[in-house]
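Colleague: One file is attached below, work-v8.txt, containing compact mmCIF, C-alpha atoms.
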```txt
# COMPACT_ATOMS: atom_id res chain seq x y z
CA ALA J 1226 -13.21 10.46 3.37
CA GLN J 1227 -11.59 7.86 5.54
CA THR J 1228 -8.45 8.74 7.44
CA VAL J 1229 -5.90 6.40 8.97
CA THR J 1230 -3.60 7.60 11.74
CA GLN J 1231 -0.43 5.99 13.00
CA SER J 1232 0.68 8.03 15.97
CA GLN J 1233 4.11 6.48 16.47
CA PRO J 1234 6.63 7.64 13.84
CA GLU J 1235 9.37 5.38 15.19
CA MET J 1236 9.75 2.52 17.63
CA SER J 1237 12.65 0.39 18.71
CA VAL J 1238 12.60 -3.04 20.32
CA GLN J 1239 15.18 -5.54 21.48
CA GLU J 1240 15.45 -8.78 19.60
CA ALA J 1241 13.08 -11.46 20.99
CA GLU J 1242 10.87 -8.88 22.69
CA THR J 1243 7.39 -7.71 21.79
CA VAL J 1244 6.36 -4.44 20.21
CA THR J 1245 2.89 -3.05 19.55
CA LEU J 1246 2.11 -0.55 16.79
CA SER J 1247 -1.00 1.56 17.01
CA CYS J 1248 -3.42 2.49 14.25
CA THR J 1249 -6.71 4.34 14.42
CA TYR J 1250 -9.09 5.10 11.61
CA ASP J 1251 -12.13 7.18 10.97
CA THR J 1252 -15.11 5.81 9.05
CA SER J 1253 -18.89 5.77 9.10
CA GLU J 1254 -19.04 2.40 7.37
CA ASN J 1255 -19.89 -0.85 9.09
CA ASN J 1256 -18.30 -3.28 6.65
CA TYR J 1257 -14.66 -2.74 5.82
CA TYR J 1258 -11.22 -4.33 5.81
CA LEU J 1259 -7.98 -3.44 7.54
CA PHE J 1260 -4.46 -4.36 6.57
CA TRP J 1261 -0.93 -4.11 7.86
CA TYR J 1262 1.85 -3.92 5.28
CA LYS J 1263 5.58 -4.17 5.95
CA GLN J 1264 8.11 -2.22 3.91
CA PRO J 1265 11.71 -3.36 4.56
CA PRO J 1266 14.71 -1.37 3.29
CA SER J 1267 14.24 -3.03 -0.11
CA ARG J 1268 11.06 -0.91 -0.42
CA GLN J 1269 8.95 -3.91 -1.35
CA MET J 1270 5.45 -3.70 0.20
CA ILE J 1271 4.59 -7.00 1.84
CA LEU J 1272 1.22 -7.93 3.31
CA VAL J 1273 1.54 -8.84 6.98
CA ILE J 1274 -2.02 -9.37 8.07
CA ARG J 1275 -5.62 -8.71 6.99
CA GLN J 1276 -8.72 -8.24 9.15
CA GLU J 1277 -12.37 -8.25 8.13
CA ALA J 1278 -14.43 -5.87 10.25
CA TYR J 1279 -17.38 -8.24 10.50
CA LYS J 1280 -15.19 -10.87 12.15
CA GLN J 1281 -14.80 -10.42 15.88
CA GLN J 1282 -11.85 -12.77 16.08
CA ASN J 1283 -8.50 -11.04 15.83
CA ALA J 1284 -6.37 -12.12 12.88
CA THR J 1285 -3.07 -13.87 13.55
CA GLU J 1286 -0.21 -14.73 11.25
CA ASN J 1287 2.67 -16.52 12.98
CA ARG J 1288 4.39 -13.93 15.22
CA PHE J 1289 2.08 -11.15 14.07
CA SER J 1290 -1.31 -10.54 15.60
CA VAL J 1291 -3.77 -7.69 15.75
CA ASN J 1292 -6.02 -6.21 18.39
CA PHE J 1293 -9.09 -5.04 16.52
CA GLN J 1294 -11.40 -2.82 18.54
CA LYS J 1295 -14.25 -1.89 16.19
CA ALA J 1296 -16.07 0.46 18.54
CA ALA J 1297 -12.88 2.35 19.25
CA LYS J 1298 -11.83 2.22 15.59
CA SER J 1299 -8.48 0.86 16.60
CA PHE J 1300 -6.35 -1.75 14.84
CA SER J 1301 -3.00 -2.34 16.55
CA LEU J 1302 -0.31 -4.77 15.39
CA LYS J 1303 1.70 -6.84 17.83
CA ILE J 1304 5.00 -8.34 16.78
CA SER J 1305 6.09 -11.08 19.15
CA ASP J 1306 9.59 -12.52 19.47
CA SER J 1307 10.95 -9.70 17.31
CA GLN J 1308 13.63 -10.64 14.82
CA LEU J 1309 16.22 -8.50 13.07
CA GLY J 1310 14.37 -9.09 9.81
CA ASP J 1311 11.33 -7.32 11.24
CA THR J 1312 13.16 -4.00 10.93
CA ALA J 1313 11.00 -2.07 8.47
CA MET J 1314 8.34 0.56 7.97
CA TYR J 1315 4.87 -0.70 8.85
CA PHE J 1316 1.78 0.76 7.26
CA CYS J 1317 -1.79 0.40 8.41
CA ALA J 1318 -4.39 0.59 5.63
CA PHE J 1319 -8.18 0.80 5.37
CA MET J 1320 -10.46 -0.47 2.61
CA GLY J 1321 -14.15 0.38 2.79
CA GLN J 1322 -17.04 -0.86 0.70
CA ALA J 1323 -18.06 2.64 -0.34
CA ALA J 1324 -14.66 3.28 -1.91
CA GLY J 1325 -14.43 -0.03 -3.74
CA ASN J 1326 -11.11 -1.80 -3.63
CA LYS J 1327 -9.05 1.28 -2.86
CA LEU J 1328 -6.68 1.45 0.09
CA THR J 1329 -6.19 4.44 2.38
CA PHE J 1330 -2.83 4.30 4.15
CA GLY J 1331 -1.56 5.71 7.40
CA GLY J 1332 1.72 7.59 7.53
CA GLY J 1333 3.70 4.59 8.73
CA THR J 1334 5.72 3.55 11.78
CA ARG J 1335 9.40 2.79 11.50
CA VAL J 1336 10.40 -0.23 13.61
CA LEU J 1337 14.01 -0.91 14.49
CA VAL J 1338 14.87 -4.27 16.03
CA LYS J 1339 18.10 -4.10 18.00
CA PRO J 1340 20.34 -7.12 18.60
CA ASP T 1398 5.70 -17.59 -10.83
CA ALA T 1399 3.21 -14.80 -11.30
CA GLU T 1400 4.51 -11.38 -10.41
CA ILE T 1401 4.16 -7.65 -10.81
CA THR T 1402 7.07 -5.70 -12.24
CA GLN T 1403 7.83 -2.04 -12.66
CA SER T 1404 10.27 -0.32 -14.97
CA PRO T 1405 12.46 1.56 -14.79
CA ARG T 1406 13.44 1.08 -11.14
CA HIS T 1407 15.17 4.46 -11.08
CA LYS T 1408 14.61 7.46 -13.33
CA ILE T 1409 16.03 10.97 -13.45
CA THR T 1410 14.30 13.47 -15.68
CA GLU T 1411 14.02 17.20 -16.20
CA THR T 1412 11.16 19.52 -15.45
CA GLY T 1413 8.67 19.68 -18.32
CA ARG T 1414 9.51 16.34 -19.88
CA GLN T 1415 6.95 13.61 -20.37
CA VAL T 1416 7.71 10.45 -18.43
CA THR T 1417 6.06 7.04 -18.55
CA LEU T 1418 6.43 4.46 -15.82
CA ALA T 1419 5.57 0.89 -16.72
CA CYS T 1420 3.67 -1.65 -14.63
CA HIS T 1421 3.17 -5.23 -15.76
CA GLN T 1422 1.44 -8.05 -13.87
CA THR T 1423 1.16 -11.70 -14.80
CA TRP T 1424 -1.56 -12.66 -12.31
CA ASN T 1425 -4.35 -11.82 -14.75
CA HIS T 1426 -5.76 -9.46 -12.12
CA ASN T 1427 -8.59 -7.15 -13.12
CA ASN T 1428 -7.73 -4.32 -10.70
CA MET T 1429 -4.58 -2.24 -10.96
CA PHE T 1430 -3.51 0.79 -8.93
CA TRP T 1431 -0.82 3.45 -8.91
CA TYR T 1432 0.38 5.05 -5.66
CA ARG T 1433 3.05 7.54 -4.78
CA GLN T 1434 4.99 7.45 -1.53
CA ASP T 1435 6.34 10.59 0.07
CA LEU T 1436 7.88 11.04 3.48
CA GLY T 1437 5.21 11.58 6.10
CA HIS T 1438 2.32 10.74 3.78
CA GLY T 1439 2.39 7.00 3.48
CA LEU T 1440 1.07 5.91 0.08
CA ARG T 1441 -1.48 7.97 -1.79
CA LEU T 1442 -3.60 6.75 -4.68
CA ILE T 1443 -2.98 8.38 -8.06
CA HIS T 1444 -5.11 6.38 -10.54
CA TYR T 1445 -6.73 2.99 -10.67
CA SER T 1446 -8.40 0.63 -13.11
CA TYR T 1447 -10.96 -2.12 -12.61
CA GLY T 1448 -10.48 -3.63 -16.06
CA VAL T 1449 -9.52 -3.07 -19.68
CA HIS T 1450 -10.43 0.43 -20.89
CA ASP T 1451 -11.51 1.44 -17.37
CA THR T 1452 -9.56 4.21 -15.58
CA ASN T 1453 -10.39 6.33 -12.54
CA LYS T 1454 -8.81 9.25 -10.72
CA GLY T 1455 -7.49 8.82 -7.23
CA GLU T 1456 -6.63 11.24 -4.47
CA VAL T 1457 -3.64 12.90 -6.18
CA SER T 1458 -4.29 12.54 -9.91
CA ASP T 1459 -3.39 16.04 -11.16
CA GLY T 1460 -0.53 15.89 -13.66
CA TYR T 1461 -0.83 12.13 -14.19
CA SER T 1462 -2.67 9.91 -16.64
CA VAL T 1463 -3.11 6.19 -17.21
CA SER T 1464 -4.53 3.96 -19.91
CA ARG T 1465 -5.51 0.30 -19.79
CA SER T 1466 -5.39 -1.39 -23.17
CA ASN T 1467 -4.91 -4.93 -21.85
CA THR T 1468 -5.20 -6.83 -18.59
CA GLU T 1469 -1.49 -7.02 -17.84
CA ASP T 1470 -0.35 -3.38 -18.13
CA LEU T 1471 -1.18 -0.03 -16.58
CA PRO T 1472 1.41 2.58 -17.60
CA LEU T 1473 1.52 5.84 -15.66
CA THR T 1474 2.34 9.00 -17.61
CA LEU T 1475 3.53 12.29 -16.18
CA GLU T 1476 2.46 14.74 -18.86
CA SER T 1477 4.93 17.48 -17.92
CA ALA T 1478 7.13 16.45 -15.02
CA ALA T 1479 7.36 18.82 -12.07
CA SER T 1480 9.75 18.79 -9.10
CA SER T 1481 6.75 18.10 -6.85
CA GLN T 1482 6.42 14.75 -8.61
CA THR T 1483 9.75 13.55 -7.28
CA SER T 1484 8.66 10.48 -5.35
CA VAL T 1485 8.63 6.71 -5.18
CA TYR T 1486 5.87 5.20 -7.30
CA PHE T 1487 4.24 1.86 -6.60
CA CYS T 1488 2.00 -0.20 -8.79
CA ALA T 1489 -0.36 -2.75 -7.25
CA SER T 1490 -2.95 -5.24 -8.41
CA SER T 1491 -5.79 -7.32 -7.00
CA GLU T 1492 -8.00 -10.02 -8.43
CA GLY T 1493 -11.16 -8.03 -8.92
CA LEU T 1494 -13.41 -11.06 -8.59
CA ALA T 1495 -14.54 -11.11 -4.97
CA GLY T 1496 -15.69 -7.55 -4.54
CA VAL T 1497 -14.33 -5.37 -1.79
CA GLY T 1498 -11.66 -6.60 0.57
CA GLU T 1499 -9.21 -8.19 -1.82
CA THR T 1500 -5.54 -8.02 -0.96
CA GLN T 1501 -3.43 -5.78 -3.14
CA TYR T 1502 -0.02 -7.03 -4.26
CA PHE T 1503 2.66 -4.46 -4.90
CA GLY T 1504 5.46 -4.07 -7.38
CA PRO T 1505 9.01 -3.16 -6.30
CA GLY T 1506 8.57 0.57 -6.89
CA THR T 1507 10.14 3.19 -9.16
CA ARG T 1508 12.17 6.03 -7.69
CA LEU T 1509 11.68 9.16 -9.81
CA LEU T 1510 13.75 12.31 -9.48
CA VAL T 1511 12.64 15.42 -11.36
CA LEU T 1512 15.35 18.06 -11.65
```
What is this file in structure tokens?

Modeller:
Amino acid sequence: AQTVTQSQPEMSVQEAETVTLSCTYDTSENNYYLFWYKQPPSRQMILVIRQEAYKQQNATENRFSVNFQKAAKSFSLKISDSQLGDTAMYFCAFMGQAAGNKLTFGGGTRVLVKP
Amino acid sequence: DAEITQSPRHKITETGRQVTLACHQTWNHNNMFWYRQDLGHGLRLIHYSYGVHDTNKGEVSDGYSVSRSNTEDLPLTLESAASSQTSVYFCASSEGLAGVGETQYFGPGTRLLVL
């Protein structure tokens, strides 16, 4: 079974600065997908970014970008120019072909953006 | 606008009672999923469905059941509620047309307390 590990339970960052969240995963598959979801205090799960493993180019979505290192099985999220609205839990998730369309989530990282 | 809704948003029940949590999506998605979220565990898959009359067990399915009689709804039933089932429950859906890798869209969650 795949496992997803987020080693940083909590992180804080000053407004306008950059923060990087780590995520590692364990799989024997070659084709898979990786996701970052944001969960603000409202509890709503919001997709931040999606990466296809067969694409070497790192995905980017406005101030959010990933560093996907397939050989290292690492998928970190960088939040640039942090804003107060970025305060949330962030979850890394894995979706492999063998498991169909099911997601396996990491335990989450709580990010606090300070003014 | 298409959306995914859950009801109730909050529920308090007693040990041993049967509880049903509703999930309704208007995207006409084939795939629907139920997760539970507990502190330190991220989200874990309870049950999922790839279409009408299709249901499958997830990682933590004991004590839960689902049925899929139409495309829009996937109700989750706790047969005999236990205190260990106190959690936040999320429903999600995805298109189910493109194979693996589709983004899942989440409902707002239901907070369940079993006394």

Colleague: Near chain J, which residues of chain T fall within 7 Å when you count all atoms listed in the file, and what do they look like as a compact mmCIF listing (two decimals) with C-alpha atoms, in the coordinates of the input?

Modeller:
```txt
# COMPACT_ATOMS: atom_id res chain seq x y z
CA GLY T 1437 5.21 11.58 6.10
CA HIS T 1438 2.32 10.74 3.78
CA GLY T 1439 2.39 7.00 3.48
CA LEU T 1440 1.07 5.91 0.08
CA VAL T 1497 -14.33 -5.37 -1.79
CA GLY T 1498 -11.66 -6.60 0.57
CA GLU T 1499 -9.21 -8.19 -1.82
CA PHE T 1503 2.66 -4.46 -4.90
CA GLY T 1504 5.46 -4.07 -7.38
CA PRO T 1505 9.01 -3.16 -6.30
```

Colleague: Could you give me, as an mmCIF file with C-alpha atoms, in the coordinates of the input, the residues within 12 Å of Lys1454 of chain T, counting only C-alpha atoms and dropping anything in the same chain fewer than 6 positions from it?

Modeller:
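Written out: selection-v2.cif:
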```cif
data_model
loop_
_atom_site.group_PDB
_atom_site.id
_atom_site.type_symbol
_atom_site.label_atom_id
_atom_site.label_comp_id
_atom_site.auth_asym_id
_atom_site.auth_seq_id
_atom_site.Cartn_x
_atom_site.Cartn_y
_atom_site.Cartn_z
ATOM 1 C CA LYS J 1327 -9.050 1.280 -2.860
ATOM 2 C CA PHE T 1430 -3.510 0.790 -8.930
ATOM 3 C CA TRP T 1431 -0.820 3.450 -8.910
ATOM 4 C CA TYR T 1432 0.380 5.050 -5.660
ATOM 5 C CA ARG T 1441 -1.480 7.970 -1.790
ATOM 6 C CA LEU T 1442 -3.600 6.750 -4.680
ATOM 7 C CA ILE T 1443 -2.980 8.380 -8.060
ATOM 8 C CA HIS T 1444 -5.110 6.380 -10.540
ATOM 9 C CA TYR T 1445 -6.730 2.990 -10.670
ATOM 10 C CA SER T 1446 -8.400 0.630 -13.110
ATOM 11 C CA TYR T 1447 -10.960 -2.120 -12.610
ATOM 12 C CA GLY T 1460 -0.530 15.890 -13.660
ATOM 13 C CA TYR T 1461 -0.830 12.130 -14.190
ATOM 14 C CA SER T 1462 -2.670 9.910 -16.640
ATOM 15 C CA VAL T 1463 -3.110 6.190 -17.210
ATOM 16 C CA SER T 1464 -4.530 3.960 -19.910
ATOM 17 C CA LEU T 1473 1.520 5.840 -15.660
#
```

Colleague: Which one of T:Leu1436, T:Ala1479, T:Ala1489, T:Leu1512 sits closest to Thr1402 of chain T if you count only C-alpha atoms?

Modeller: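 When distances to Thr1402 of chain T are compared using only C-alpha atoms, the smallest one comes from T:Ala1489.
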
Colleague: Hey, can you check how far atom CA of Ala1313 of chain J sits from atom CA of Val1511 of chain T?

Modeller: 26.5 Å

Colleague: Considering all atoms listed in the file, can you say which of T:Ile1409, T:Ile1401, T:Leu1418, T:Met1429 comes closest to Ser1491 of chain T?

Modeller: T:Met1429

Colleague: Using all atoms listed in the file, find the one residue out of T:Ala1478, T:Leu1471, T:Ala1495, T:Val1449 that sits nearest to Asn1427 of chain T.

Modeller: T:Val1449

Colleague: To one decimal place, how far is atom CA of Val1485 of chain T from atom CA of Arg1508 of chain T in Å?

Modeller: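 Distance reported for this atom pair: 4.4 Å.
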
Colleague: Could you state the separation of atom CA of Ser1484 of chain T and atom CA of Thr1507 of chain T in Å, given to one decimal place?

Modeller: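 Atom CA of Thr1507 of chain T lies at a distance of 8.4 Å from atom CA of Ser1484 of chain T.
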
Colleague: Residues proximal to (13.8, -9.2, 8.9) were defined as those with any atom within 12 Å of that point in the file's coordinates, counting only C-alpha atoms. Which are they, as a PyMOL selection string?

Modeller: chain J and resi 1240+1263-1267+1271+1304+1306-1314+1336-1340

Colleague: Select, from T:Thr1417, T:Pro1405, T:Arg1433, T:Asn1428, the residue with the minimum atom-to-atom distance to Gly1496 of chain T, counting all atoms listed in the file.

Modeller: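 Among the listed residues, the smallest separation from Gly1496 of chain T belongs to T:Asn1428.
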